[in-house]
Number of protein chains: 2
Amino acid sequence: MTLARVAVERCDYLAGCTEEPGTITRPFASNLRGRYEGAVDGTLLLGSHLDSVRDAGKYDGPLGVMVALGAVQRLHDEHKRLPFAIEVLAFADEEGLRFSSTYLGSRALAGTFDPADLERADAEGITMAEAIRRFGGDPGRIEEDAWRGGPLVGYCEVHIEQGPELEARGLAVGVVSAIAGQNRCDLTFAGESGHAGTVAMERRRDALAAASEFVLAVEAAARVQPGLIATVGRLEVLPGAANVIPGRVELSLDVRHADDEVRTAEVRRILDRAGDIAERRNVFVAVEPVSENASVPCSPQLVSLLLRAAGDVGHEPIELPSGAGHDAVAMSELTDVGMLFVRCKKGISHNPAESVTVDDVDGAISSQRVR
Amino acid sequence: MTLARVAVERCDYLAGCTEEPGTITRPFASNLRGRYEGAVDGTLLLGSHLDSVRDAGKYDGPLGVMVALGAVQRLHDEHKRLPFAIEVLAFADEEGLRFSSTYLGSRALAGTFDPADLERADAEGITMAEAIRRFGGDPGRIEEDAWRGGPLVGYCEVHIEQGPELEARGLAVGVVSAIAGQNRCDLTFAGESGHAGTVAMERRRDALAAASEFVLAVEAAARVQPGLIATVGRLEVLPGAANVIPGRVELSLDVRHADDEVRTAEVRRILDRAGDIAERRNVFVAVEPVSENASVPCSPQLVSLLLRAAGDVGHEPIELPSGAGHDAVAMSELTDVGMLFVRCKKGISHNPAESVTVDDVDGAISSQRVR
């Protein structure tokens, strides 16, 4: 059996470990670490997370752990030692399903775990500290998880793409250039509601017409600026009746780009546009910032190594940004990071329909072969 | 006290008759009729309705009855008889608050009442037949309400405008040219949902972007075609999360115009536009017709009489269509109809803030003075 098939079958096997039988739902567990010693000094970290969202697929997280195991297995089978050690990491909680947290496991290892998170309670009121105690852990010793293993070569994570880019280009793998920074804000357009039959068009202050113009402006901005991703995902109309002119619209804006300066400038431009639209239409607009995260660039050295490795095993070496966050974000506080995306069917993720091919996984294992 | 002040104070007084103390809520009552005999033959009908929406204003409906009483009072005070009789009508149920019906009182008089409506039940399960019996009526005798009083001159209704047009033009009254016909339909745009961070703009099939383009196309169509009123009042986005590209949008379309041919052609054009947008964006669109009502033109003779009467008492005589339905729609099955709109503050209606001035009501009473 090939290492790639083993990796995929391990994902299948792990899919049976769930808190909700019939689905894959793994909310919270322990970090796991395995070490393959090297000839000289330093450690390369490889891994991803084993927890999942509710009703998840098999690969978001686990594939990165299994591919790392496959890469080490190959070294072992070939009786090879690298100049540095490899440590395979399986993080405990990236998705934050149980405690609405993020990157808990990787933050523990990176030494950035915030003890205040121990007071977070799950849906049943059980705190994280209590949950850790119940499965035999000691919440007071989390800081001992922080890396103390000496000099690091970097952290490298394999993950399914969770988007359709690689499939559309017919590529098995892609090297992540950066994890995009992100702005989220909520906008409210407030006009004047009125009878849909009695207010002439030229007297209207229709909040939905203003919001519609904004939605298209957001789309246009992202289509013009290379690499910009911008989405209005939520939009609510008030009062929302067929015979009433919309008086108020509340919507969400999500903007991402691998370059923080580009993102910041584009967000400003998009929000200026909202102001222009509102002024021209004699409606009000209010903007409430929700969150802002800087981008995490991948290490140029790791990117070029991964590109070369992918090319060496016959894959067209391409770079692409990651729009979603990953454990590599937390790990970037500790060391250089690199990521390799594996094509997934139709870009579907966070869904039982997540799917990868054994051949693509083989490509990932081979590309992990750092020389 | 002037007749106009009496009319307004009668509206105030009637506001105390409510099923929900503290608000105006008059769901269902009896038709009332009063007759002022004429010198020769025929009858002119004047009136409107006394029922209300929930938490209503004082004037939608009652003002038309009170102005009719004021006009008759003036004839009486001047010891005048017209060649024809005047009958003042106060209809029972125009808004349909209790039984989700429309024009019940005027349909009874017009002879178009549908006995099947007697089986409609209110929120407590009481049928209309039972409700009529409980306040001493006989549901079996509704058809006796149908007009049997001989030849008719026409039906004339005074109503607050329920829109901002007269106020914007600085006019007290306006003559209704026609009650607009109306199409309502529901549209669904179906694209593909996806992660807001990982699907590049050019691969998206965003249902909200398509719907936004449609909302603006609807607005543009109505701005270009004189007299066309078109509204998207309801719009729902699925799944509707900040980090998910909208996969599906459901929305309502309401199109009105006084000319049925114009309306029908414009609806076809707008729906064609929806198809074009969907095709270009590689999403699906489905259209479900909800209702279609033909327009009701006012009698040219009554329109010109009302215009002359308004001009004679110093008001600039203007015509405007009615976007909303009125008892005149039902009465048009029986006889010629005419309507006079009275300016209302900010166009607000179906709201406790409904407001008219005594001077404007005086203008309406004077314009009702048919010579």
# chains A, B, ... in the order shown; residues from 1 in each chain; ligands from 1
>>> interface_residues(of="chain B", to="chain A", cutoff="7 Å", atoms="only C-alpha atoms", output="PyMOL selection string")
chain B and resi 162-164+196-201+209+212-213+215-216+222-223+229+231-237+240-246+252-254+256+322-324
>>> select_by_dssp(residues="range 161-280 of chain B", states="helix (DSSP H, G or I)", output="PyMOL selection string")
chain B and resi 165-169+201-203+207-224+260-280
>>> select_by_dssp(residues="range 27-189 of chain B", states="strand (DSSP E or B)", output="PyMOL selection string")
chain B and resi 32-36+43-49+85-91+121+127+152-160+173-179+181-189
>>> residues_around(residues="range 51-67 of chain B", least_positions_apart="5", cutoff="8 Å", atoms="only C-alpha atoms", output="PyMOL selection string")
chain B and resi 4+7-8+10-12+14-15+23-29+46+88-97+157-160+349-356+361+364-365
>>> write_last_selection(atoms="C-alpha atoms", output="tab-separated table (two decimals), in the first residue's frame")
chain	number	residue	atom	x	y	z
B	4	ALA	CA	-64.14	71.17	7.56
B	7	ALA	CA	-65.35	66.71	9.56
B	8	VAL	CA	-61.94	66.59	11.27
B	10	ARG	CA	-65.78	63.70	13.67
B	11	CYS	CA	-62.65	61.78	12.66
B	12	ASP	CA	-61.21	62.56	16.12
B	14	LEU	CA	-64.49	58.17	15.68
B	15	ALA	CA	-60.88	57.50	16.70
B	23	THR	CA	-54.80	52.72	19.47
B	24	ILE	CA	-57.22	52.95	16.56
B	25	THR	CA	-58.13	49.39	15.57
B	26	ARG	CA	-61.57	48.91	13.98
B	27	PRO	CA	-61.59	45.61	12.19
B	28	PHE	CA	-65.13	44.92	11.05
B	29	ALA	CA	-68.53	46.57	11.23
B	46	LEU	CA	-70.34	59.47	-1.90
B	88	VAL	CA	-73.53	58.77	1.78
B	89	LEU	CA	-71.91	55.37	2.30
B	90	ALA	CA	-69.70	54.20	5.15
B	91	PHE	CA	-68.32	50.82	4.20
B	92	ALA	CA	-67.73	48.00	6.67
B	93	ASP	CA	-64.44	46.40	5.68
B	94	GLU	CA	-61.98	47.78	3.20
B	95	GLU	CA	-58.70	46.92	4.95
B	96	GLY	CA	-59.56	43.28	5.66
B	97	LEU	CA	-57.90	43.33	9.07
B	157	GLU	CA	-64.63	58.95	-2.86
B	158	VAL	CA	-62.43	61.35	-0.94
B	159	HIS	CA	-59.33	59.78	0.61
B	160	ILE	CA	-56.04	60.90	2.05
B	349	SER	CA	-50.55	56.44	6.36
B	350	HIS	CA	-51.49	53.21	8.16
B	351	ASN	CA	-49.82	54.81	11.15
B	352	PRO	CA	-51.03	56.90	14.14
B	353	ALA	CA	-49.05	59.81	12.65
B	354	GLU	CA	-51.57	60.23	9.79
B	355	SER	CA	-52.34	63.94	9.63
B	356	VAL	CA	-54.40	66.39	7.53
B	361	VAL	CA	-60.36	69.27	4.24
B	364	ALA	CA	-62.05	68.70	-0.34
B	365	ILE	CA	-65.57	69.55	0.85
>>> residues_around(residues="range 99-109 of chain A", least_positions_apart="5", cutoff="7 Å", atoms="only C-alpha atoms", output="list of chain:residue names")
A:Asn31, A:Phe91, A:Ala92, A:Asp93, A:Glu94, A:Arg120, A:Ala121, A:Asp122, A:Ile142, A:Glu143, A:Asp145, A:Ala146, A:Trp147, A:Asp327, A:Ala330, A:Met331
>>> write_last_selection(atoms="N, CA, C and O atoms", output="compact mmCIF listing (two decimals), in the first residue's frame")
# COMPACT_ATOMS: atom_id res chain seq x y z
N ASN A 31 -3.25 18.00 22.36
CA ASN A 31 -2.20 18.08 21.35
C ASN A 31 -1.40 16.78 21.40
O ASN A 31 -1.13 16.24 22.48
N PHE A 91 -2.69 19.19 16.42
CA PHE A 91 -3.20 20.19 17.37
C PHE A 91 -4.62 19.85 17.84
O PHE A 91 -5.38 19.16 17.15
N ALA A 92 -4.94 20.41 19.02
CA ALA A 92 -6.14 20.02 19.75
C ALA A 92 -7.41 20.75 19.30
O ALA A 92 -8.50 20.20 19.34
N ASP A 93 -7.28 22.02 18.90
CA ASP A 93 -8.50 22.81 18.76
C ASP A 93 -8.21 24.00 17.86
O ASP A 93 -7.79 25.05 18.33
N GLU A 94 -8.44 23.78 16.55
CA GLU A 94 -8.25 24.88 15.61
C GLU A 94 -9.59 25.52 15.30
O GLU A 94 -9.71 26.73 15.15
N ARG A 120 -13.61 30.25 29.37
CA ARG A 120 -14.68 30.09 28.36
C ARG A 120 -15.53 28.87 28.70
O ARG A 120 -14.98 27.82 29.06
N ALA A 121 -16.84 29.00 28.54
CA ALA A 121 -17.73 27.88 28.86
C ALA A 121 -18.33 27.31 27.58
O ALA A 121 -18.56 28.04 26.61
N ASP A 122 -18.57 26.00 27.55
CA ASP A 122 -19.23 25.40 26.39
C ASP A 122 -20.75 25.56 26.51
O ASP A 122 -21.24 26.23 27.43
N ILE A 142 -0.63 24.23 31.08
CA ILE A 142 -0.63 24.46 29.63
C ILE A 142 0.62 25.20 29.17
O ILE A 142 1.16 24.92 28.09
N GLU A 143 1.09 26.11 29.98
CA GLU A 143 2.26 26.88 29.53
C GLU A 143 3.50 26.00 29.36
O GLU A 143 4.44 26.37 28.66
N ASP A 145 3.47 23.47 27.66
CA ASP A 145 3.44 23.02 26.26
C ASP A 145 4.26 23.92 25.35
O ASP A 145 4.58 23.54 24.22
N ALA A 146 4.54 25.14 25.80
CA ALA A 146 5.25 26.09 24.93
C ALA A 146 6.58 25.49 24.49
O ALA A 146 7.26 24.82 25.26
N TRP A 147 6.91 25.75 23.21
CA TRP A 147 8.10 25.14 22.63
C TRP A 147 9.35 25.47 23.43
O TRP A 147 9.66 26.64 23.67
N ASP A 327 -3.66 26.89 11.58
CA ASP A 327 -2.73 26.86 12.72
C ASP A 327 -1.44 27.61 12.41
O ASP A 327 -0.79 28.15 13.32
N ALA A 330 -1.05 30.98 14.10
CA ALA A 330 -0.55 30.99 15.48
C ALA A 330 0.94 30.62 15.50
O ALA A 330 1.73 31.22 16.24
N MET A 331 1.33 29.66 14.69
CA MET A 331 2.72 29.20 14.68
C MET A 331 3.68 30.27 14.18
O MET A 331 4.88 30.23 14.48
>>> atom_distance(atom1="CA of Val175 in chain A", atom2="CA of Thr357 in chain A")
17.8 Å
>>> decode(residues="range 214-225 of chain B", atoms="all heavy atoms", output="compact mmCIF listing (two decimals), in the first residue's frame")
# COMPACT_ATOMS: atom_id res chain seq x y z
N PHE B 214 -30.45 43.02 -10.10
CA PHE B 214 -31.88 43.03 -10.44
C PHE B 214 -32.61 44.17 -9.72
O PHE B 214 -33.42 44.88 -10.33
CB PHE B 214 -32.51 41.68 -10.07
CG PHE B 214 -33.99 41.62 -10.36
CD1 PHE B 214 -34.45 41.58 -11.67
CD2 PHE B 214 -34.91 41.64 -9.33
CE1 PHE B 214 -35.82 41.55 -11.94
CE2 PHE B 214 -36.27 41.61 -9.59
CZ PHE B 214 -36.73 41.56 -10.90
N VAL B 215 -32.33 44.37 -8.44
CA VAL B 215 -32.97 45.46 -7.68
C VAL B 215 -32.73 46.80 -8.39
O VAL B 215 -33.66 47.60 -8.55
CB VAL B 215 -32.43 45.52 -6.23
CG1 VAL B 215 -32.87 46.80 -5.53
CG2 VAL B 215 -32.90 44.30 -5.44
N LEU B 216 -31.50 47.00 -8.85
CA LEU B 216 -31.18 48.27 -9.52
C LEU B 216 -31.84 48.34 -10.90
O LEU B 216 -32.24 49.42 -11.35
CB LEU B 216 -29.67 48.44 -9.63
CG LEU B 216 -28.96 48.62 -8.28
CD1 LEU B 216 -27.45 48.66 -8.47
CD2 LEU B 216 -29.45 49.88 -7.56
N ALA B 217 -31.98 47.18 -11.56
CA ALA B 217 -32.65 47.16 -12.86
C ALA B 217 -34.13 47.51 -12.71
O ALA B 217 -34.72 48.22 -13.54
CB ALA B 217 -32.50 45.79 -13.52
N VAL B 218 -34.74 47.03 -11.64
CA VAL B 218 -36.16 47.33 -11.35
C VAL B 218 -36.31 48.84 -11.14
O VAL B 218 -37.18 49.49 -11.72
CB VAL B 218 -36.64 46.56 -10.10
CG1 VAL B 218 -38.00 47.06 -9.64
CG2 VAL B 218 -36.70 45.06 -10.41
N GLU B 219 -35.42 49.38 -10.32
CA GLU B 219 -35.48 50.81 -10.04
C GLU B 219 -35.28 51.63 -11.32
O GLU B 219 -36.02 52.59 -11.59
CB GLU B 219 -34.39 51.17 -9.01
CG GLU B 219 -34.43 52.62 -8.59
CD GLU B 219 -33.21 53.01 -7.75
OE1 GLU B 219 -32.08 52.67 -8.13
OE2 GLU B 219 -33.40 53.66 -6.72
N ALA B 220 -34.30 51.22 -12.13
CA ALA B 220 -34.01 51.97 -13.35
C ALA B 220 -35.19 51.93 -14.31
O ALA B 220 -35.55 52.94 -14.93
CB ALA B 220 -32.75 51.39 -14.02
N ALA B 221 -35.83 50.76 -14.43
CA ALA B 221 -37.00 50.64 -15.33
C ALA B 221 -38.09 51.60 -14.91
O ALA B 221 -38.71 52.28 -15.75
CB ALA B 221 -37.51 49.20 -15.32
N ALA B 222 -38.33 51.69 -13.60
CA ALA B 222 -39.41 52.54 -13.11
C ALA B 222 -39.05 54.02 -13.22
O ALA B 222 -39.92 54.87 -13.36
CB ALA B 222 -39.76 52.17 -11.67
N ARG B 223 -37.77 54.32 -13.17
CA ARG B 223 -37.37 55.72 -13.30
C ARG B 223 -37.49 56.22 -14.73
O ARG B 223 -37.70 57.39 -14.97
CB ARG B 223 -35.93 55.91 -12.81
CG ARG B 223 -35.85 55.94 -11.29
CD ARG B 223 -34.47 56.32 -10.82
NE ARG B 223 -34.47 56.60 -9.39
CZ ARG B 223 -33.36 56.80 -8.68
NH1 ARG B 223 -32.19 56.77 -9.29
NH2 ARG B 223 -33.42 57.05 -7.39
N VAL B 224 -37.33 55.29 -15.67
CA VAL B 224 -37.36 55.68 -17.08
C VAL B 224 -38.80 55.79 -17.59
O VAL B 224 -39.13 56.67 -18.37
CB VAL B 224 -36.56 54.65 -17.93
CG1 VAL B 224 -36.85 54.83 -19.40
CG2 VAL B 224 -35.07 54.79 -17.63
N GLN B 225 -39.67 54.89 -17.15
CA GLN B 225 -41.04 54.84 -17.68
C GLN B 225 -41.96 55.72 -16.82
O GLN B 225 -42.20 55.40 -15.66
CB GLN B 225 -41.53 53.39 -17.66
CG GLN B 225 -42.97 53.19 -18.07
CD GLN B 225 -43.20 53.51 -19.53
OE1 GLN B 225 -42.50 53.02 -20.40
NE2 GLN B 225 -44.18 54.36 -19.81
